[in-house]
Amino acid sequence: MFSAHSHAAESLAIKPHEQPDTCNPNVPQIRVTINGVGSGGVLNVELYDNPDYFLFKKGRVLKIRVPALETQQKVCMDLTQPGTYAVAVYQDLDSNRKLKKQWNQLPLEPFGLSNNPEQHFGFPRFRDSAFTTGRLGADIAIDLKQPPDP
């Protein structure tokens, strides 16, 4: 399916500040288990804390990028403070750092949100994906949804 897989792996260009933290249940972190990942490209895990800028670049607190492997993947992010957050994940199949979208803004690449809300028409809402961390953060699971065939 992804013919340039080996070439893409060499050119992922994941920046040092985009690396995940080492998973540790004894430190405050958001530990994200991502289900339904296919092989190829880059898995993008984005953390948000502001309902007004949910899914907008200027509202993103943190962005983690890891090579996408066909399996369940776990990505961890250290927290500076407990709070209410939402996580968005997408598989950037062509590693171009952009989520491909349809004319109606629905994703054309595998995509998922914390709490796995049902996708209805319209823009996803922060409150549907929000969760509150405890003293040691939170463990969440996100199921990637495959885009419809064009």
# chains A, B, ... in the order shown; residues from 1 in each chain; ligands from 1
call {"tool": "closest_atom_pairs", "arguments": {"of": "region 4-117 of chain A", "to": "region 142-147 of chain A", "cutoff": "10 Å", "atoms": "only C-alpha atoms", "output": "CSV"}}
result
residue,atom,partner,partner_atom,distance
A:Val32,CA,A:Ile142,CA,7.2
A:Thr33,CA,A:Ile142,CA,6.2
A:Ile34,CA,A:Ile142,CA,4.9
A:Asn35,CA,A:Asp143,CA,4.8
A:Gly36,CA,A:Leu144,CA,5.3
A:Val37,CA,A:Leu144,CA,6.7
A:Gly38,CA,A:Leu144,CA,9.4
A:Gln72,CA,A:Asp143,CA,9.5
A:Val87,CA,A:Ile142,CA,8.6
A:Ala88,CA,A:Ile142,CA,8.5
A:Val89,CA,A:Leu144,CA,7.5
A:Tyr90,CA,A:Leu144,CA,7.4
A:Gln91,CA,A:Leu144,CA,8.4
A:Lys101,CA,A:Pro147,CA,9.6
A:Gln102,CA,A:Pro147,CA,9.7
A:Leu106,CA,A:Pro147,CA,8.2
A:Pro107,CA,A:Pro147,CA,6.3
A:Leu108,CA,A:Pro147,CA,5.2
A:Glu109,CA,A:Pro147,CA,5.8
A:Pro110,CA,A:Gln146,CA,4.6
A:Phe111,CA,A:Leu144,CA,5.0
A:Gly112,CA,A:Leu144,CA,4.6
A:Leu113,CA,A:Ile142,CA,6.1
A:Ser114,CA,A:Ile142,CA,5.6
A:Asn115,CA,A:Ile142,CA,7.0
A:Asn116,CA,A:Ile142,CA,6.0
A:Pro117,CA,A:Ile142,CA,9.7
call {"tool": "closest_residue", "arguments": {"among": "A:Thr80, A:Gln119, A:Asn44, A:Thr71", "to": "Val27 (chain A)", "atoms": "only C-alpha atoms"}}
result
A:Thr80
call {"tool": "residues_around", "arguments": {"residues": "Pro28 (chain A)", "least_positions_apart": "6", "cutoff": "9 Å", "atoms": "only C-alpha atoms", "output": "JSON, numbers by chain"}}
result
{"A": [77, 78, 79, 80, 81, 82, 133, 134, 135, 136, 137, 138]}
call {"tool": "write_last_selection", "arguments": {"atoms": "N, CA, C and O atoms", "output": "compact mmCIF listing (two decimals), in the first residue's frame"}}
result
# COMPACT_ATOMS: atom_id res chain seq x y z
N MET A 77 3.74 11.41 27.34
CA MET A 77 4.09 12.82 27.41
C MET A 77 4.13 13.24 28.87
O MET A 77 3.13 13.09 29.58
N ASP A 78 5.28 13.75 29.32
CA ASP A 78 5.38 14.25 30.69
C ASP A 78 4.49 15.48 30.86
O ASP A 78 4.37 16.29 29.94
N LEU A 79 3.88 15.60 32.03
CA LEU A 79 3.02 16.75 32.34
C LEU A 79 3.72 17.71 33.29
O LEU A 79 4.37 17.28 34.23
N THR A 80 3.56 18.99 33.04
CA THR A 80 4.09 19.99 33.96
C THR A 80 3.10 20.28 35.08
O THR A 80 3.50 20.69 36.15
N GLN A 81 1.82 20.05 34.80
CA GLN A 81 0.80 20.28 35.83
C GLN A 81 -0.45 19.46 35.50
O GLN A 81 -0.74 19.22 34.33
N PRO A 82 -1.18 19.02 36.52
CA PRO A 82 -2.44 18.32 36.24
C PRO A 82 -3.44 19.30 35.64
O PRO A 82 -3.31 20.51 35.79
N THR A 133 -6.58 14.90 34.39
CA THR A 133 -5.48 14.08 34.90
C THR A 133 -5.47 14.09 36.42
O THR A 133 -5.90 15.04 37.05
N GLY A 134 -4.95 13.02 36.98
CA GLY A 134 -4.75 12.93 38.42
C GLY A 134 -3.31 13.30 38.75
O GLY A 134 -2.57 13.83 37.92
N ARG A 135 -2.91 12.96 39.96
CA ARG A 135 -1.56 13.28 40.44
C ARG A 135 -0.48 12.66 39.55
O ARG A 135 0.57 13.25 39.32
N LEU A 136 -0.75 11.46 39.05
CA LEU A 136 0.23 10.78 38.18
C LEU A 136 -0.21 10.78 36.72
O LEU A 136 0.18 9.92 35.94
N GLY A 137 -1.03 11.75 36.35
CA GLY A 137 -1.43 11.88 34.96
C GLY A 137 -2.64 11.03 34.63
O GLY A 137 -3.56 10.90 35.44
N ALA A 138 -2.62 10.43 33.44
CA ALA A 138 -3.76 9.63 32.99
C ALA A 138 -3.29 8.61 31.96
O ALA A 138 -2.33 8.85 31.23
call {"tool": "closest_residue", "arguments": {"among": "A:Asp52, A:Pro67, A:Pro148, A:Gln73", "to": "Cys23 (chain A)", "atoms": "only C-alpha atoms"}}
result
A:Gln73
call {"tool": "select_by_dssp", "arguments": {"residues": "chain A", "states": "helix (DSSP H, G or I)", "output": "ChimeraX atom specification"}}
result
/A:5-10,16-18,51-53,57-59,126-129
call {"tool": "closest_residue", "arguments": {"among": "A:Phe126, A:Trp103, A:Tyr48, A:Tyr85", "to": "Val61 (chain A)", "atoms": "only C-alpha atoms"}}
result
A:Tyr48
call {"tool": "closest_residue", "arguments": {"among": "A:His17, A:Leu55, A:Leu43, A:Asp92", "to": "Ala68 (chain A)", "atoms": "only C-alpha atoms"}}
result
A:Leu43
call {"tool": "atom_distance", "arguments": {"atom1": "CA of Lys15 (chain A)", "atom2": "CA of Lys98 (chain A)"}}
result
15.2 Å
call {"tool": "closest_residue", "arguments": {"among": "A:Val45, A:Arg97, A:Asn50, A:Ile140", "to": "Leu62 (chain A)", "atoms": "only C-alpha atoms"}}
result
A:Val45
call {"tool": "atom_distance", "arguments": {"atom1": "CA of Arg60 (chain A)", "atom2": "CA of Asn96 (chain A)"}}
result
18.2 Å
